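This is coords25.pdb (PDB, C-alpha atoms).
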ATOM      1  CA  MET K   1     118.990 120.144  58.802  1.00  0.00           C
ATOM      2  CA  PRO K   2     118.389 116.420  58.206  1.00  0.00           C
ATOM      3  CA  ASN K   3     115.540 115.653  55.818  1.00  0.00           C
ATOM      4  CA  VAL K   4     112.837 114.075  57.983  1.00  0.00           C
ATOM      5  CA  GLN K   5     109.927 115.483  55.993  1.00  0.00           C
ATOM      6  CA  GLY K   6     107.033 113.053  56.261  1.00  0.00           C
ATOM      7  CA  ALA K   7     108.891 110.592  58.510  1.00  0.00           C
ATOM      8  CA  GLY K   8     106.903 108.816  61.192  1.00  0.00           C
ATOM      9  CA  VAL K   9     108.510 109.677  64.529  1.00  0.00           C
ATOM     10  CA  VAL K  10     107.714 108.429  68.036  1.00  0.00           C
ATOM     11  CA  VAL K  11     109.083 110.286  71.074  1.00  0.00           C
ATOM     12  CA  THR K  12     108.517 108.715  74.477  1.00  0.00           C
ATOM     13  CA  GLY K  13     108.468 110.753  77.672  1.00  0.00           C
ATOM     14  CA  ALA K  14     107.581 113.760  75.523  1.00  0.00           C
ATOM     15  CA  GLY K  15     105.154 115.480  77.869  1.00  0.00           C
ATOM     16  CA  GLY K  16     107.915 117.892  78.862  1.00  0.00           C
ATOM     17  CA  GLY K  17     111.655 118.467  79.041  1.00  0.00           C
ATOM     18  CA  ILE K  18     113.971 116.871  76.490  1.00  0.00           C
ATOM     19  CA  GLY K  19     111.245 114.724  74.958  1.00  0.00           C
ATOM     20  CA  ALA K  20     108.966 117.686  74.270  1.00  0.00           C
ATOM     21  CA  ALA K  21     111.871 119.628  72.740  1.00  0.00           C
ATOM     22  CA  ILE K  22     112.740 116.707  70.456  1.00  0.00           C
ATOM     23  CA  ALA K  23     109.102 116.273  69.430  1.00  0.00           C
ATOM     24  CA  ARG K  24     108.808 119.984  68.626  1.00  0.00           C
ATOM     25  CA  ARG K  25     111.990 119.897  66.551  1.00  0.00           C
ATOM     26  CA  PHE K  26     110.871 116.906  64.483  1.00  0.00           C
ATOM     27  CA  ALA K  27     107.437 118.433  63.920  1.00  0.00           C
ATOM     28  CA  ALA K  28     109.009 121.738  62.826  1.00  0.00           C
ATOM     29  CA  ALA K  29     111.099 119.776  60.308  1.00  0.00           C
ATOM     30  CA  GLY K  30     107.975 118.283  58.757  1.00  0.00           C
ATOM     31  CA  ALA K  31     107.847 114.879  60.454  1.00  0.00           C
ATOM     32  CA  ARG K  32     104.641 113.189  61.550  1.00  0.00           C
ATOM     33  CA  VAL K  33     105.048 112.863  65.308  1.00  0.00           C
ATOM     34  CA  VAL K  34     103.595 110.700  68.051  1.00  0.00           C
ATOM     35  CA  VAL K  35     103.919 112.239  71.512  1.00  0.00           C
ATOM     36  CA  ASN K  36     104.022 109.617  74.246  1.00  0.00           C
ATOM     37  CA  ASP K  37     103.944 110.181  77.989  1.00  0.00           C
ATOM     38  CA  LEU K  38     102.569 108.375  81.024  1.00  0.00           C
ATOM     39  CA  ASP K  39     100.664 111.582  81.768  1.00  0.00           C
ATOM     40  CA  ALA K  40      97.929 111.689  79.132  1.00  0.00           C
ATOM     41  CA  GLY K  41      97.209 115.355  79.785  1.00  0.00           C
ATOM     42  CA  LYS K  42     100.813 116.404  79.205  1.00  0.00           C
ATOM     43  CA  ALA K  43     101.035 114.285  76.054  1.00  0.00           C
ATOM     44  CA  LYS K  44      97.920 115.930  74.647  1.00  0.00           C
ATOM     45  CA  LEU K  45      99.117 119.451  75.446  1.00  0.00           C
ATOM     46  CA  VAL K  46     102.394 118.981  73.563  1.00  0.00           C
ATOM     47  CA  ALA K  47     100.705 117.112  70.698  1.00  0.00           C
ATOM     48  CA  ASP K  48      98.069 119.811  70.262  1.00  0.00           C
ATOM     49  CA  GLU K  49     100.760 122.499  70.280  1.00  0.00           C
ATOM     50  CA  ILE K  50     102.785 120.935  67.448  1.00  0.00           C
ATOM     51  CA  GLY K  51     100.079 119.196  65.417  1.00  0.00           C
ATOM     52  CA  ALA K  52     101.076 115.718  66.536  1.00  0.00           C
ATOM     53  CA  VAL K  53      99.172 112.699  67.814  1.00  0.00           C
ATOM     54  CA  PRO K  54      99.158 111.873  71.535  1.00  0.00           C
ATOM     55  CA  VAL K  55      99.649 108.213  72.428  1.00  0.00           C
ATOM     56  CA  PRO K  56      99.781 108.085  76.238  1.00  0.00           C
ATOM     57  CA  GLY K  57     100.830 105.072  78.281  1.00  0.00           C
ATOM     58  CA  ASP K  58     103.785 102.932  79.262  1.00  0.00           C
ATOM     59  CA  ALA K  59     106.543 103.410  76.683  1.00  0.00           C
ATOM     60  CA  SER K  60     107.161  99.640  76.640  1.00  0.00           C
ATOM     61  CA  HIS K  61     103.825  98.932  74.996  1.00  0.00           C
ATOM     62  CA  ILE K  62     103.048 101.655  72.462  1.00  0.00           C
ATOM     63  CA  ILE K  63     104.571 100.448  69.194  1.00  0.00           C
ATOM     64  CA  GLU K  64     101.388  99.055  67.681  1.00  0.00           C
ATOM     65  CA  SER K  65      99.244 102.025  68.710  1.00  0.00           C
ATOM     66  CA  SER K  66     101.951 104.367  67.403  1.00  0.00           C
ATOM     67  CA  ARG K  67     102.055 102.539  64.074  1.00  0.00           C
ATOM     68  CA  GLU K  68      98.294 102.958  63.768  1.00  0.00           C
ATOM     69  CA  ALA K  69      98.532 106.652  64.630  1.00  0.00           C
ATOM     70  CA  LEU K  70     101.219 107.140  61.956  1.00  0.00           C
ATOM     71  CA  GLY K  71      99.405 105.210  59.244  1.00  0.00           C
ATOM     72  CA  GLY K  72     101.335 101.978  59.598  1.00  0.00           C
ATOM     73  CA  THR K  73     105.030 102.843  59.818  1.00  0.00           C
ATOM     74  CA  VAL K  74     107.460 104.089  62.467  1.00  0.00           C
ATOM     75  CA  ASP K  75     110.624 105.464  60.853  1.00  0.00           C
ATOM     76  CA  ILE K  76     112.328 107.031  63.878  1.00  0.00           C
ATOM     77  CA  TYR K  77     111.914 105.926  67.482  1.00  0.00           C
ATOM     78  CA  CYS K  78     113.190 108.161  70.284  1.00  0.00           C
ATOM     79  CA  ALA K  79     113.475 106.160  73.509  1.00  0.00           C
ATOM     80  CA  ASN K  80     113.495 109.204  75.749  1.00  0.00           C
ATOM     81  CA  ALA K  81     111.366 108.186  78.739  1.00  0.00           C
ATOM     82  CA  GLY K  82     113.584 107.673  81.764  1.00  0.00           C
ATOM     83  CA  LEU K  83     113.578 107.318  85.512  1.00  0.00           C
ATOM     84  CA  ALA K  84     116.112 109.190  87.665  1.00  0.00           C
ATOM     85  CA  SER K  85     116.332 106.785  90.585  1.00  0.00           C
ATOM     86  CA  GLY K  86     118.584 107.957  93.391  1.00  0.00           C
ATOM     87  CA  GLY K  87     120.146 106.037  96.237  1.00  0.00           C
ATOM     88  CA  GLY K  88     123.032 103.633  96.530  1.00  0.00           C
ATOM     89  CA  ALA K  89     123.506  99.897  96.807  1.00  0.00           C
ATOM     90  CA  GLU K  90     120.985  99.942  99.646  1.00  0.00           C
ATOM     91  CA  ALA K  91     118.149 101.046  97.348  1.00  0.00           C
ATOM     92  CA  GLY K  92     115.254  98.615  97.449  1.00  0.00           C
ATOM     93  CA  GLU K  93     114.746  95.797  94.959  1.00  0.00           C
ATOM     94  CA  ASP K  94     111.674  97.597  93.652  1.00  0.00           C
ATOM     95  CA  VAL K  95     113.712 100.735  92.914  1.00  0.00           C
ATOM     96  CA  TRP K  96     116.329  98.759  91.001  1.00  0.00           C
ATOM     97  CA  ALA K  97     113.692  96.746  89.137  1.00  0.00           C
ATOM     98  CA  ARG K  98     111.767  99.840  88.068  1.00  0.00           C
ATOM     99  CA  ALA K  99     114.965 101.568  86.912  1.00  0.00           C
ATOM    100  CA  TRP K 100     115.932  98.550  84.800  1.00  0.00           C
ATOM    101  CA  ASP K 101     112.437  98.320  83.361  1.00  0.00           C
ATOM    102  CA  VAL K 102     112.155 101.970  82.311  1.00  0.00           C
ATOM    103  CA  ASN K 103     115.771 102.829  81.463  1.00  0.00           C
ATOM    104  CA  VAL K 104     116.800  99.598  79.726  1.00  0.00           C
ATOM    105  CA  MET K 105     114.047  97.083  79.072  1.00  0.00           C
ATOM    106  CA  ALA K 106     111.676  99.625  77.527  1.00  0.00           C
ATOM    107  CA  HIS K 107     114.383 100.194  74.896  1.00  0.00           C
ATOM    108  CA  VAL K 108     114.810  96.459  74.370  1.00  0.00           C
ATOM    109  CA  ARG K 109     111.062  95.923  73.967  1.00  0.00           C
ATOM    110  CA  ALA K 110     110.803  98.756  71.463  1.00  0.00           C
ATOM    111  CA  ALA K 111     113.678  97.322  69.421  1.00  0.00           C
ATOM    112  CA  GLN K 112     112.099  93.870  69.473  1.00  0.00           C
ATOM    113  CA  ALA K 113     108.918  95.325  68.013  1.00  0.00           C
ATOM    114  CA  LEU K 114     110.591  97.609  65.458  1.00  0.00           C
ATOM    115  CA  LEU K 115     113.536  95.622  64.119  1.00  0.00           C
ATOM    116  CA  PRO K 116     111.698  93.029  61.990  1.00  0.00           C
ATOM    117  CA  GLU K 117     110.070  95.735  59.847  1.00  0.00           C
ATOM    118  CA  TRP K 118     113.182  97.925  59.768  1.00  0.00           C
ATOM    119  CA  LEU K 119     115.450  95.059  58.740  1.00  0.00           C
ATOM    120  CA  GLU K 120     113.026  93.939  56.038  1.00  0.00           C
ATOM    121  CA  ARG K 121     112.979  97.372  54.414  1.00  0.00           C
ATOM    122  CA  GLY K 122     116.621  98.219  55.222  1.00  0.00           C
ATOM    123  CA  SER K 123     116.091 101.429  57.165  1.00  0.00           C
ATOM    124  CA  GLY K 124     115.163 102.738  60.605  1.00  0.00           C
ATOM    125  CA  ARG K 125     116.531 105.091  63.253  1.00  0.00           C
ATOM    126  CA  PHE K 126     116.698 104.409  67.008  1.00  0.00           C
ATOM    127  CA  VAL K 127     117.485 107.314  69.323  1.00  0.00           C
ATOM    128  CA  SER K 128     118.290 106.523  72.951  1.00  0.00           C
ATOM    129  CA  THR K 129     118.343 109.272  75.584  1.00  0.00           C
ATOM    130  CA  VAL K 130     121.101 107.922  77.808  1.00  0.00           C
ATOM    131  CA  SER K 131     122.651 110.805  79.841  1.00  0.00           C
ATOM    132  CA  ALA K 132     126.307 111.477  80.522  1.00  0.00           C
ATOM    133  CA  ALA K 133     125.806 109.161  83.504  1.00  0.00           C
ATOM    134  CA  GLY K 134     125.859 106.298  81.000  1.00  0.00           C
ATOM    135  CA  LEU K 135     129.317 107.305  79.765  1.00  0.00           C
ATOM    136  CA  LEU K 136     130.638 108.369  83.161  1.00  0.00           C
ATOM    137  CA  THR K 137     128.525 107.980  86.326  1.00  0.00           C
ATOM    138  CA  MET K 138     126.519 110.084  88.767  1.00  0.00           C
ATOM    139  CA  ILE K 139     127.193 110.428  92.472  1.00  0.00           C
ATOM    140  CA  GLY K 140     124.311 109.537  94.771  1.00  0.00           C
ATOM    141  CA  ALA K 141     122.370 107.626  92.112  1.00  0.00           C
ATOM    142  CA  ALA K 142     123.475 104.010  91.710  1.00  0.00           C
ATOM    143  CA  PRO K 143     120.294 102.660  90.031  1.00  0.00           C
ATOM    144  CA  TYR K 144     120.276 105.557  87.579  1.00  0.00           C
ATOM    145  CA  SER K 145     123.982 105.324  86.744  1.00  0.00           C
ATOM    146  CA  VAL K 146     124.014 101.557  86.337  1.00  0.00           C
ATOM    147  CA  THR K 147     120.910 101.386  84.159  1.00  0.00           C
ATOM    148  CA  LYS K 148     122.049 104.290  81.999  1.00  0.00           C
ATOM    149  CA  HIS K 149     125.256 102.326  81.374  1.00  0.00           C
ATOM    150  CA  GLY K 150     122.962  99.507  80.309  1.00  0.00           C
ATOM    151  CA  ALA K 151     121.028 101.783  77.964  1.00  0.00           C
ATOM    152  CA  LEU K 152     124.277 102.914  76.340  1.00  0.00           C
ATOM    153  CA  ALA K 153     125.490  99.330  75.999  1.00  0.00           C
ATOM    154  CA  PHE K 154     122.257  98.321  74.278  1.00  0.00           C
ATOM    155  CA  ALA K 155     122.428 101.289  71.890  1.00  0.00           C
ATOM    156  CA  GLU K 156     126.038 100.418  71.044  1.00  0.00           C
ATOM    157  CA  TRP K 157     125.043  96.812  70.426  1.00  0.00           C
ATOM    158  CA  LEU K 158     122.209  97.844  68.103  1.00  0.00           C
ATOM    159  CA  SER K 159     124.552 100.079  66.134  1.00  0.00           C
ATOM    160  CA  LEU K 160     127.389  97.612  65.682  1.00  0.00           C
ATOM    161  CA  THR K 161     125.011  94.762  64.868  1.00  0.00           C
ATOM    162  CA  TYR K 162     122.720  96.412  62.343  1.00  0.00           C
ATOM    163  CA  ARG K 163     124.429  99.476  60.840  1.00  0.00           C
ATOM    164  CA  HIS K 164     125.326  97.571  57.647  1.00  0.00           C
ATOM    165  CA  ARG K 165     121.626  96.748  57.274  1.00  0.00           C
ATOM    166  CA  GLY K 166     120.472 100.365  57.286  1.00  0.00           C
ATOM    167  CA  ILE K 167     119.710 100.864  60.974  1.00  0.00           C
ATOM    168  CA  LYS K 168     120.962 104.163  62.409  1.00  0.00           C
ATOM    169  CA  VAL K 169     121.434 104.548  66.171  1.00  0.00           C
ATOM    170  CA  HIS K 170     122.164 107.611  68.300  1.00  0.00           C
ATOM    171  CA  ALA K 171     122.852 107.877  72.041  1.00  0.00           C
ATOM    172  CA  ILE K 172     122.111 111.265  73.611  1.00  0.00           C
ATOM    173  CA  CYS K 173     124.418 111.889  76.585  1.00  0.00           C
ATOM    174  CA  PRO K 174     123.862 115.327  78.153  1.00  0.00           C
ATOM    175  CA  GLN K 175     124.878 116.423  81.615  1.00  0.00           C
ATOM    176  CA  GLY K 176     122.530 118.866  83.348  1.00  0.00           C
ATOM    177  CA  VAL K 177     119.429 119.944  81.443  1.00  0.00           C
ATOM    178  CA  ARG K 178     116.906 122.387  82.900  1.00  0.00           C
ATOM    179  CA  THR K 179     114.006 119.980  83.357  1.00  0.00           C
ATOM    180  CA  ASP K 180     111.915 118.584  86.203  1.00  0.00           C
ATOM    181  CA  MET K 181     114.408 115.700  86.413  1.00  0.00           C
ATOM    182  CA  LEU K 182     117.211 118.128  87.271  1.00  0.00           C
ATOM    183  CA  THR K 183     115.057 119.754  89.927  1.00  0.00           C
ATOM    184  CA  ALA K 184     114.340 116.336  91.425  1.00  0.00           C
ATOM    185  CA  SER K 185     118.024 115.372  91.529  1.00  0.00           C
ATOM    186  CA  GLY K 186     118.500 117.218  94.813  1.00  0.00           C
ATOM    187  CA  SER K 187     121.810 118.345  96.262  1.00  0.00           C
ATOM    188  CA  ALA K 188     123.886 116.034  94.030  1.00  0.00           C
ATOM    189  CA  GLY K 189     122.320 117.580  90.952  1.00  0.00           C
ATOM    190  CA  GLU K 190     122.851 121.066  92.339  1.00  0.00           C
ATOM    191  CA  LEU K 191     126.544 120.330  92.852  1.00  0.00           C
ATOM    192  CA  VAL K 192     127.348 118.402  89.667  1.00  0.00           C
ATOM    193  CA  LEU K 193     124.752 119.271  87.050  1.00  0.00           C
ATOM    194  CA  ALA K 194     123.140 122.630  87.707  1.00  0.00           C
ATOM    195  CA  PRO K 195     126.207 124.868  87.118  1.00  0.00           C
ATOM    196  CA  GLY K 196     126.501 123.848  83.468  1.00  0.00           C
ATOM    197  CA  ALA K 197     122.852 123.095  82.791  1.00  0.00           C
ATOM    198  CA  ILE K 198     121.504 123.788  79.305  1.00  0.00           C
ATOM    199  CA  GLU K 199     118.005 124.062  77.847  1.00  0.00           C
ATOM    200  CA  PRO K 200     116.103 121.060  76.398  1.00  0.00           C
ATOM    201  CA  GLU K 201     116.148 122.792  73.025  1.00  0.00           C
ATOM    202  CA  ASP K 202     119.952 122.614  73.053  1.00  0.00           C
ATOM    203  CA  VAL K 203     119.682 118.834  73.326  1.00  0.00           C
ATOM    204  CA  ALA K 204     117.315 118.704  70.341  1.00  0.00           C
ATOM    205  CA  ASP K 205     119.771 120.833  68.347  1.00  0.00           C
ATOM    206  CA  ALA K 206     122.610 118.452  69.224  1.00  0.00           C
ATOM    207  CA  LEU K 207     120.533 115.458  68.133  1.00  0.00           C
ATOM    208  CA  PHE K 208     119.804 116.987  64.735  1.00  0.00           C
ATOM    209  CA  GLY K 209     123.490 117.773  64.339  1.00  0.00           C
ATOM    210  CA  ALA K 210     124.377 114.149  65.063  1.00  0.00           C
ATOM    211  CA  ILE K 211     121.754 112.888  62.624  1.00  0.00           C
ATOM    212  CA  ALA K 212     123.155 115.154  59.911  1.00  0.00           C
ATOM    213  CA  ALA K 213     126.693 113.926  60.635  1.00  0.00           C
ATOM    214  CA  ASP K 214     125.627 110.280  61.034  1.00  0.00           C
ATOM    215  CA  ARG K 215     127.278 110.286  64.469  1.00  0.00           C
ATOM    216  CA  PHE K 216     126.436 107.774  67.215  1.00  0.00           C
ATOM    217  CA  LEU K 217     127.263 109.861  70.295  1.00  0.00           C
ATOM    218  CA  VAL K 218     125.193 112.989  70.809  1.00  0.00           C
ATOM    219  CA  LEU K 219     127.067 115.267  73.231  1.00  0.00           C
ATOM    220  CA  PRO K 220     125.149 118.473  73.989  1.00  0.00           C
ATOM    221  CA  HIS K 221     127.926 119.197  76.518  1.00  0.00           C
ATOM    222  CA  PRO K 222     131.081 118.763  74.343  1.00  0.00           C
ATOM    223  CA  GLU K 223     133.317 118.540  77.417  1.00  0.00           C
ATOM    224  CA  VAL K 224     131.815 115.122  78.161  1.00  0.00           C
ATOM    225  CA  ALA K 225     134.013 113.728  75.372  1.00  0.00           C
ATOM    226  CA  ASP K 226     137.099 114.895  77.294  1.00  0.00           C
ATOM    227  CA  TYR K 227     135.831 113.332  80.524  1.00  0.00           C
ATOM    228  CA  TYR K 228     135.111 110.085  78.676  1.00  0.00           C
ATOM    229  CA  ARG K 229     138.619 110.006  77.199  1.00  0.00           C
ATOM    230  CA  ALA K 230     140.157 110.748  80.598  1.00  0.00           C
ATOM    231  CA  ARG K 231     138.145 107.952  82.178  1.00  0.00           C
ATOM    232  CA  ALA K 232     139.410 105.463  79.590  1.00  0.00           C
ATOM    233  CA  ALA K 233     143.021 106.690  79.555  1.00  0.00           C
ATOM    234  CA  ASP K 234     143.568 106.618  83.326  1.00  0.00           C
ATOM    235  CA  THR K 235     140.622 105.063  85.114  1.00  0.00           C
ATOM    236  CA  ASP K 236     142.202 105.173  88.568  1.00  0.00           C
ATOM    237  CA  ARG K 237     142.922 108.878  88.285  1.00  0.00           C
ATOM    238  CA  TRP K 238     139.376 109.501  87.107  1.00  0.00           C
ATOM    239  CA  LEU K 239     137.958 107.481  90.003  1.00  0.00           C
ATOM    240  CA  ARG K 240     140.037 109.438  92.480  1.00  0.00           C
ATOM    241  CA  GLY K 241     138.662 112.660  91.030  1.00  0.00           C
ATOM    242  CA  MET K 242     135.094 111.385  91.259  1.00  0.00           C
ATOM    243  CA  ASN K 243     135.711 110.296  94.832  1.00  0.00           C
ATOM    244  CA  ARG K 244     136.812 113.843  95.666  1.00  0.00           C
ATOM    245  CA  LEU K 245     133.510 115.025  94.235  1.00  0.00           C
ATOM    246  CA  GLN K 246     131.698 112.429  96.341  1.00  0.00           C
ATOM    247  CA  ARG K 247     133.432 113.671  99.493  1.00  0.00           C
ATOM    248  CA  GLN K 248     132.618 117.261  98.573  1.00  0.00           C
ATOM    249  CA  TRP K 249     128.960 116.293  98.230  1.00  0.00           C
ATOM    250  CA  GLU K 250     129.008 114.460 101.567  1.00  0.00           C
ATOM    251  CA  GLY K 251     130.502 117.579 103.126  1.00  0.00           C
ATOM    252  CA  THR K 252     127.420 119.559 102.167  1.00  0.00           C
ATOM    253  CA  GLY K 253     125.387 117.465 104.606  1.00  0.00           C
ATOM    254  CA  ALA K 254     123.605 115.549 101.829  1.00  0.00           C
TER     255      ALA K 254
END

In structure tokens, write the structure found in this file.
Amino acid sequence: MPNVQGAGVVVTGAGGGIGAAIARRFAAAGARVVVNDLDAGKAKLVADEIGAVPVPGDASHIIESSREALGGTVDIYCANAGLASGGGAEAGEDVWARAWDVNVMAHVRAAQALLPEWLERGSGRFVSTVSAAGLLTMIGAAPYSVTKHGALAFAEWLSLTYRHRGIKVHAICPQGVRTDMLTASGSAGELVLAPGAIEPEDVADALFGAIAADRFLVLPHPEVADYYRARAADTDRWLRGMNRLQRQWEGTGA
């Protein structure tokens, strides 16, 4: 288990699901944890359970309040809050804008606020919950897929730019996880994600394994690595396979 004893950790979107599991795991390892969620009641419930501090609100604007709650320093930031926006190219401008804001720009804003201190002291850890959709894609969910690609690209950029200055970055890329987000994914989620769905605690375990191994990609579903390689090796073949899946989904009457 990585030594995070006493570290100041912020987990956004931690009122349930993956975020709550990550917060519980860090707290069990001895970290001082801030539990963030838009739902203040959910944030407080998880925080009270694990002896953490609830800091509710929009994840884009909680760095200063989190620093205060942790006594001045954030050591590990888990950008977990996300929005599973469905629809295709026809989705409204407001849907696309909200997806970009939550899934990408909230990560950018957090990095802007954290990097000066981290670079000055030569250490810091940024954890981005991306989804396998950021490595691959997801049928029926263009805003989600596109913005998760953006989240992965930003995490990659942070890692390659600052790793020699002590900044560690991890991108969590699970497929189906038994959370409210999976339930809300509808028939596409039932077809693609539900059959191999895992528990949120499995994602937290995979994250701690990646931290211990100093590994960028966190793959709670190991088969995603094979899909990612296949996509890169023969993109046209991979696209044909995904199109078959799309047609299968359409055949269900979705």

Residue among K:Gly134, K:Pro116, K:Gly86, K:Gly140 lying closest to Leu245 of chain K, counting only C-alpha atoms: K:Gly140

Residue IDs satisfying the PyMOL selection byres ((chain K and resi 75-80) around 7), as a list of chain:residue names: K:Ala7, K:Gly8, K:Val9, K:Val10, K:Val11, K:Thr12, K:Gly13, K:Gly19, K:Thr73, K:Val74, K:Ala81, K:Gly82, K:His107, K:Gly124, K:Arg125, K:Phe126, K:Val127, K:Ser128, K:Thr129

Evaluate the PyMOL selection byres ((chain K and resi 108) around 10) and report residues as a ChimeraX atom specification: /K:60,79,101,103-107,109-114,151,154-155,158

Picked residues, the PyMOL selection byres ((chain K and resi 159-172) around 8), as a ChimeraX atom specification: /K:118-119,122-131,152,155-158,173-174,203,207,210-211,214-220

Near-Pro143 of chain K list (6 Å; all atoms listed in the file; drop same-chain fewer than 2 positions) as JSON, numbers by chain: {"K": [85, 96, 141, 145, 146]}

For segment 53-69 of chain K, what centre and edge lengths in Å (one decimal) does the axis-aligned box get once 6 Å is added on each side of all its listed atoms, as AutoDock Vina command-line options?
--center_x 102.7 --center_y 105.8 --center_z 71.5 --size_x 20.9 --size_y 25.8 --size_z 27.5

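Distance annotation: of K:Gly186, K:Glu90, K:Tyr228, K:Lys44, the residue with the minimal separation from Ala133 of chain K is K:Tyr228; atom set is all atoms listed in the file.
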
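With only C-alpha atoms as the atoms that count, the minimum distance from Ala197 of chain K to the choices K:Ala52, K:Ala213, K:His221, K:Glu93 is reached by K:His221.
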
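You will find atom CA of Trp100 of chain K at 5.8 Å from atom CA of Thr147 of chain K.
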